[in-house]
>>> print(open('coords.pdb').read())   # PDB, C-alpha atoms, pLDDT in the B column
ATOM      1  CA  MET A   1      -4.589  45.548   8.775  1.00 72.00           C
ATOM      2  CA  LYS A   2      -0.907  45.626   7.847  1.00 77.00           C
ATOM      3  CA  ASN A   3      -0.429  48.849   9.784  1.00 82.00           C
ATOM      4  CA  HIS A   4      -2.147  47.321  12.810  1.00 84.00           C
ATOM      5  CA  LEU A   5       0.157  44.272  12.670  1.00 82.00           C
ATOM      6  CA  LEU A   6       3.276  46.436  12.421  1.00 84.00           C
ATOM      7  CA  SER A   7       2.209  48.537  15.392  1.00 87.00           C
ATOM      8  CA  PHE A   8       1.570  45.350  17.396  1.00 83.00           C
ATOM      9  CA  VAL A   9       5.056  44.022  16.539  1.00 81.00           C
ATOM     10  CA  ALA A  10       6.649  47.382  17.348  1.00 85.00           C
ATOM     11  CA  ARG A  11       4.869  47.612  20.684  1.00 87.00           C
ATOM     12  CA  TYR A  12       5.660  44.035  21.778  1.00 88.00           C
ATOM     13  CA  ARG A  13       9.002  43.695  19.951  1.00 89.00           C
ATOM     14  CA  PHE A  14      10.748  41.891  22.814  1.00 91.00           C
ATOM     15  CA  TYR A  15       8.021  39.249  23.115  1.00 90.00           C
ATOM     16  CA  VAL A  16       7.795  38.695  19.370  1.00 87.00           C
ATOM     17  CA  ILE A  17      11.559  38.267  19.027  1.00 90.00           C
ATOM     18  CA  SER A  18      11.723  36.038  22.109  1.00 93.00           C
ATOM     19  CA  THR A  19       8.908  33.851  20.783  1.00 91.00           C
ATOM     20  CA  ALA A  20      10.551  33.590  17.337  1.00 91.00           C
ATOM     21  CA  VAL A  21      13.901  32.631  18.876  1.00 92.00           C
ATOM     22  CA  LEU A  22      12.256  30.075  21.164  1.00 90.00           C
ATOM     23  CA  LEU A  23      10.323  28.498  18.267  1.00 88.00           C
ATOM     24  CA  GLY A  24      13.487  28.430  16.149  1.00 88.00           C
ATOM     25  CA  TRP A  25      15.402  26.790  18.968  1.00 87.00           C
ATOM     26  CA  LEU A  26      12.706  24.163  19.516  1.00 83.00           C
ATOM     27  CA  ALA A  27      12.380  23.491  15.792  1.00 84.00           C
ATOM     28  CA  PHE A  28      16.063  23.015  14.938  1.00 84.00           C
ATOM     29  CA  PHE A  29      18.399  22.867  17.929  1.00 85.00           C
ATOM     30  CA  ASP A  30      16.542  21.097  20.721  1.00 81.00           C
ATOM     31  CA  ARG A  31      17.255  17.441  21.511  1.00 82.00           C
ATOM     32  CA  SER A  32      13.829  16.465  20.192  1.00 82.00           C
ATOM     33  CA  ASN A  33      13.650  18.884  17.262  1.00 85.00           C
ATOM     34  CA  LEU A  34      11.243  18.655  14.346  1.00 84.00           C
ATOM     35  CA  ILE A  35      13.704  16.823  12.117  1.00 85.00           C
ATOM     36  CA  LYS A  36      14.297  14.146  14.736  1.00 89.00           C
ATOM     37  CA  GLN A  37      10.550  13.899  15.375  1.00 88.00           C
ATOM     38  CA  GLY A  38       9.983  13.230  11.668  1.00 90.00           C
ATOM     39  CA  GLU A  39      12.682  10.555  11.605  1.00 92.00           C
ATOM     40  CA  MET A  40      11.243   8.913  14.693  1.00 93.00           C
ATOM     41  CA  GLN A  41       7.744   8.953  13.161  1.00 95.00           C
ATOM     42  CA  LEU A  42       9.070   7.190  10.047  1.00 97.00           C
ATOM     43  CA  GLN A  43      10.833   4.643  12.229  1.00 97.00           C
ATOM     44  CA  LEU A  44       7.647   4.080  14.234  1.00 97.00           C
ATOM     45  CA  ASN A  45       5.668   3.493  11.032  1.00 98.00           C
ATOM     46  CA  GLN A  46       8.272   0.964   9.868  1.00 98.00           C
ATOM     47  CA  VAL A  47       8.156  -0.886  13.188  1.00 98.00           C
ATOM     48  CA  GLU A  48       4.347  -0.983  13.103  1.00 98.00           C
ATOM     49  CA  ASP A  49       4.494  -2.438   9.578  1.00 98.00           C
ATOM     50  CA  ASP A  50       7.007  -5.037  10.780  1.00 98.00           C
ATOM     51  CA  ILE A  51       4.756  -5.955  13.693  1.00 98.00           C
ATOM     52  CA  ALA A  52       1.789  -6.471  11.371  1.00 97.00           C
ATOM     53  CA  TYR A  53       3.918  -8.582   8.999  1.00 98.00           C
ATOM     54  CA  TYR A  54       5.249 -10.802  11.775  1.00 98.00           C
ATOM     55  CA  GLU A  55       1.798 -11.238  13.299  1.00 97.00           C
ATOM     56  CA  ASP A  56       0.553 -12.483   9.914  1.00 97.00           C
ATOM     57  CA  GLU A  57       3.536 -14.806   9.593  1.00 96.00           C
ATOM     58  CA  LEU A  58       2.969 -16.099  13.123  1.00 97.00           C
ATOM     59  CA  GLN A  59      -0.654 -16.860  12.282  1.00 96.00           C
ATOM     60  CA  LYS A  60       0.456 -18.786   9.166  1.00 94.00           C
ATOM     61  CA  VAL A  61       2.970 -20.784  11.211  1.00 91.00           C
ATOM     62  CA  ARG A  62       0.320 -21.636  13.799  1.00 93.00           C
ATOM     63  CA  GLU A  63      -2.037 -22.870  11.076  1.00 90.00           C
ATOM     64  CA  GLU A  64       0.762 -24.910   9.502  1.00 84.00           C
ATOM     65  CA  GLU A  65       1.621 -26.340  12.909  1.00 85.00           C
ATOM     66  CA  LYS A  66      -1.983 -27.478  13.388  1.00 86.00           C
ATOM     67  CA  ASP A  67      -1.940 -29.129   9.962  1.00 81.00           C
ATOM     68  CA  VAL A  68       1.403 -30.856  10.472  1.00 82.00           C
ATOM     69  CA  LEU A  69       0.834 -32.077  13.995  1.00 83.00           C
ATOM     70  CA  GLY A  70      -2.595 -33.383  13.056  1.00 81.00           C
ATOM     71  CA  SER A  71      -1.447 -36.831  11.947  1.00 82.00           C
ATOM     72  CA  LYS A  72       1.690 -38.915  11.537  1.00 84.00           C
ATOM     73  CA  ALA A  73       1.346 -39.014   7.743  1.00 83.00           C
ATOM     74  CA  SER A  74       1.219 -35.248   7.447  1.00 83.00           C
ATOM     75  CA  MET A  75       4.201 -34.927   9.797  1.00 83.00           C
ATOM     76  CA  GLU A  76       6.213 -37.333   7.634  1.00 83.00           C
ATOM     77  CA  LYS A  77       5.233 -35.469   4.459  1.00 81.00           C
ATOM     78  CA  TYR A  78       6.294 -32.165   6.016  1.00 81.00           C
ATOM     79  CA  ALA A  79       9.659 -33.592   7.126  1.00 81.00           C
ATOM     80  CA  ARG A  80      10.310 -34.996   3.653  1.00 79.00           C
ATOM     81  CA  GLU A  81       9.421 -31.747   1.863  1.00 78.00           C
ATOM     82  CA  LYS A  82      11.050 -29.220   4.174  1.00 79.00           C
ATOM     83  CA  TYR A  83      14.027 -31.066   5.615  1.00 78.00           C
ATOM     84  CA  PHE A  84      14.659 -33.644   2.858  1.00 76.00           C
ATOM     85  CA  LEU A  85      14.474 -36.524   5.303  1.00 77.00           C
ATOM     86  CA  LYS A  86      14.331 -40.041   3.900  1.00 77.00           C
ATOM     87  CA  ARG A  87      13.582 -43.541   4.992  1.00 78.00           C
ATOM     88  CA  GLU A  88      16.325 -46.065   5.444  1.00 81.00           C
ATOM     89  CA  GLY A  89      17.377 -47.506   2.096  1.00 80.00           C
ATOM     90  CA  GLU A  90      15.934 -44.640   0.030  1.00 79.00           C
ATOM     91  CA  THR A  91      17.878 -42.299  -2.199  1.00 79.00           C
ATOM     92  CA  VAL A  92      16.754 -38.702  -2.453  1.00 74.00           C
ATOM     93  CA  PHE A  93      17.644 -36.447  -5.368  1.00 75.00           C
ATOM     94  CA  VAL A  94      17.349 -32.707  -4.804  1.00 72.00           C
ATOM     95  CA  LEU A  95      17.060 -30.599  -7.951  1.00 74.00           C
ATOM     96  CA  VAL A  96      18.485 -27.080  -7.875  1.00 75.00           C
ATOM     97  CA  ASP A  97      18.517 -24.276 -10.433  1.00 75.00           C
ATOM     98  CA  GLU A  98      21.467 -22.086 -11.498  1.00 72.00           C
ATOM     99  CA  GLU A  99      21.170 -19.978  -8.354  1.00 71.00           C
ATOM    100  CA  ASP A 100      21.401 -23.025  -6.045  1.00 64.00           C
ATOM    101  CA  LYS A 101      17.757 -22.764  -5.067  1.00 68.00           C
ATOM    102  CA  VAL A 102      15.694 -25.911  -4.598  1.00 64.00           C
ATOM    103  CA  ILE A 103      13.185 -26.457  -7.385  1.00 64.00           C
ATOM    104  CA  LYS A 104       9.743 -27.062  -5.918  1.00 63.00           C
ATOM    105  CA  GLU A 105       6.961 -28.662  -7.843  1.00 55.00           C
TER     106      GLU A 105
END
>>> encode(input="coords.pdb", output="structure tokens")
Amino acid sequence: MKNHLLSFVARYRFYVISTAVLLGWLAFFDRSNLIKQGEMQLQLNQVEDDIAYYEDELQKVREEEKDVLGSKASMEKYAREKYFLKREGETVFVLVDEEDKVIKE
């Protein structure tokens, strides 16, 4: 088997060398080489993960929007909790921790 392979390579030496050079060129030196293809595949996977994350977040925002816009009381509660809005004559105290983050109950 080994002798048969060597005789094949010896007979078609030009084609074997040309094919090896072409594959080497395509693998490492071409504009879209294997290394760049791997990097682009990783980037594509990251973008697909981001798309899935943002679709989930968009769905949560839509559900929250339905809840908030459902009634005036829920809209007022949302404005008080998220934007610290107050009625006229009220005093609002916002508690923060050491890292200046709002403490939520």
>>> atom_distance(input="coords.pdb", atom1="atom CA of A:Lys36", atom2="atom CA of A:Phe14")
29.1 Å
>>> atom_distance(input="coords.pdb", atom1="atom CA of A:Leu6", atom2="atom CA of A:Gly24")
21.0 Å
>>> atom_distance(input="coords.pdb", atom1="atom CA of A:Val68", atom2="atom CA of A:Glu99")
29.4 Å
>>> residues_around(input="coords.pdb", residues="A:Tyr78", least_positions_apart="4", cutoff="10 Å", atoms="all atoms listed in the file", output="PyMOL selection string")
chain A and resi 64+67-69+72-74+82-85
>>> build_atoms(input="coords.pdb", residues="stretch 46-70 of chain A", atoms="N, CA and C atoms", output="compact mmCIF listing (two decimals), in the frame of the given file")
# COMPACT_ATOMS: atom_id res chain seq x y z
N GLN A 46 7.60 2.17 10.34
CA GLN A 46 8.27 0.96 9.87
C GLN A 46 8.13 -0.17 10.88
N VAL A 47 8.28 0.13 12.15
CA VAL A 47 8.16 -0.89 13.19
C VAL A 47 6.72 -1.41 13.25
N GLU A 48 5.74 -0.54 13.11
CA GLU A 48 4.35 -0.98 13.10
C GLU A 48 4.07 -1.89 11.91
N ASP A 49 4.64 -1.58 10.75
CA ASP A 49 4.49 -2.44 9.58
C ASP A 49 5.15 -3.79 9.82
N ASP A 50 6.33 -3.78 10.46
CA ASP A 50 7.01 -5.04 10.78
C ASP A 50 6.19 -5.88 11.75
N ILE A 51 5.59 -5.23 12.72
CA ILE A 51 4.76 -5.96 13.69
C ILE A 51 3.58 -6.62 12.99
N ALA A 52 2.92 -5.90 12.11
CA ALA A 52 1.79 -6.47 11.37
C ALA A 52 2.25 -7.65 10.51
N TYR A 53 3.40 -7.51 9.85
CA TYR A 53 3.92 -8.58 9.00
C TYR A 53 4.20 -9.83 9.84
N TYR A 54 4.89 -9.65 10.96
CA TYR A 54 5.25 -10.80 11.78
C TYR A 54 4.04 -11.43 12.47
N GLU A 55 3.02 -10.65 12.76
CA GLU A 55 1.80 -11.24 13.30
C GLU A 55 1.12 -12.11 12.25
N ASP A 56 1.11 -11.66 10.99
CA ASP A 56 0.55 -12.48 9.91
C ASP A 56 1.36 -13.76 9.72
N GLU A 57 2.69 -13.63 9.74
CA GLU A 57 3.54 -14.81 9.59
C GLU A 57 3.35 -15.77 10.76
N LEU A 58 3.20 -15.26 11.96
CA LEU A 58 2.97 -16.10 13.12
C LEU A 58 1.65 -16.86 12.99
N GLN A 59 0.63 -16.20 12.48
CA GLN A 59 -0.65 -16.86 12.28
C GLN A 59 -0.52 -17.98 11.25
N LYS A 60 0.25 -17.74 10.18
CA LYS A 60 0.46 -18.79 9.17
C LYS A 60 1.20 -19.98 9.77
N VAL A 61 2.19 -19.71 10.59
CA VAL A 61 2.97 -20.78 11.21
C VAL A 61 2.09 -21.59 12.16
N ARG A 62 1.22 -20.91 12.89
CA ARG A 62 0.32 -21.64 13.80
C ARG A 62 -0.63 -22.54 13.03
N GLU A 63 -1.15 -22.04 11.89
CA GLU A 63 -2.04 -22.87 11.08
C GLU A 63 -1.28 -24.06 10.49
N GLU A 64 -0.05 -23.82 10.04
CA GLU A 64 0.76 -24.91 9.50
C GLU A 64 1.09 -25.92 10.59
N GLU A 65 1.34 -25.44 11.79
CA GLU A 65 1.62 -26.34 12.91
C GLU A 65 0.42 -27.24 13.20
N LYS A 66 -0.78 -26.66 13.17
CA LYS A 66 -1.98 -27.48 13.39
C LYS A 66 -2.11 -28.56 12.32
N ASP A 67 -1.83 -28.16 11.06
CA ASP A 67 -1.94 -29.13 9.96
C ASP A 67 -0.91 -30.24 10.09
N VAL A 68 0.31 -29.88 10.42
CA VAL A 68 1.40 -30.86 10.47
C VAL A 68 1.25 -31.79 11.67
N LEU A 69 0.93 -31.24 12.80
CA LEU A 69 0.83 -32.08 14.00
C LEU A 69 -0.48 -32.85 14.07
N GLY A 70 -1.31 -32.71 13.05
CA GLY A 70 -2.60 -33.38 13.06
C GLY A 70 -2.49 -34.89 12.93
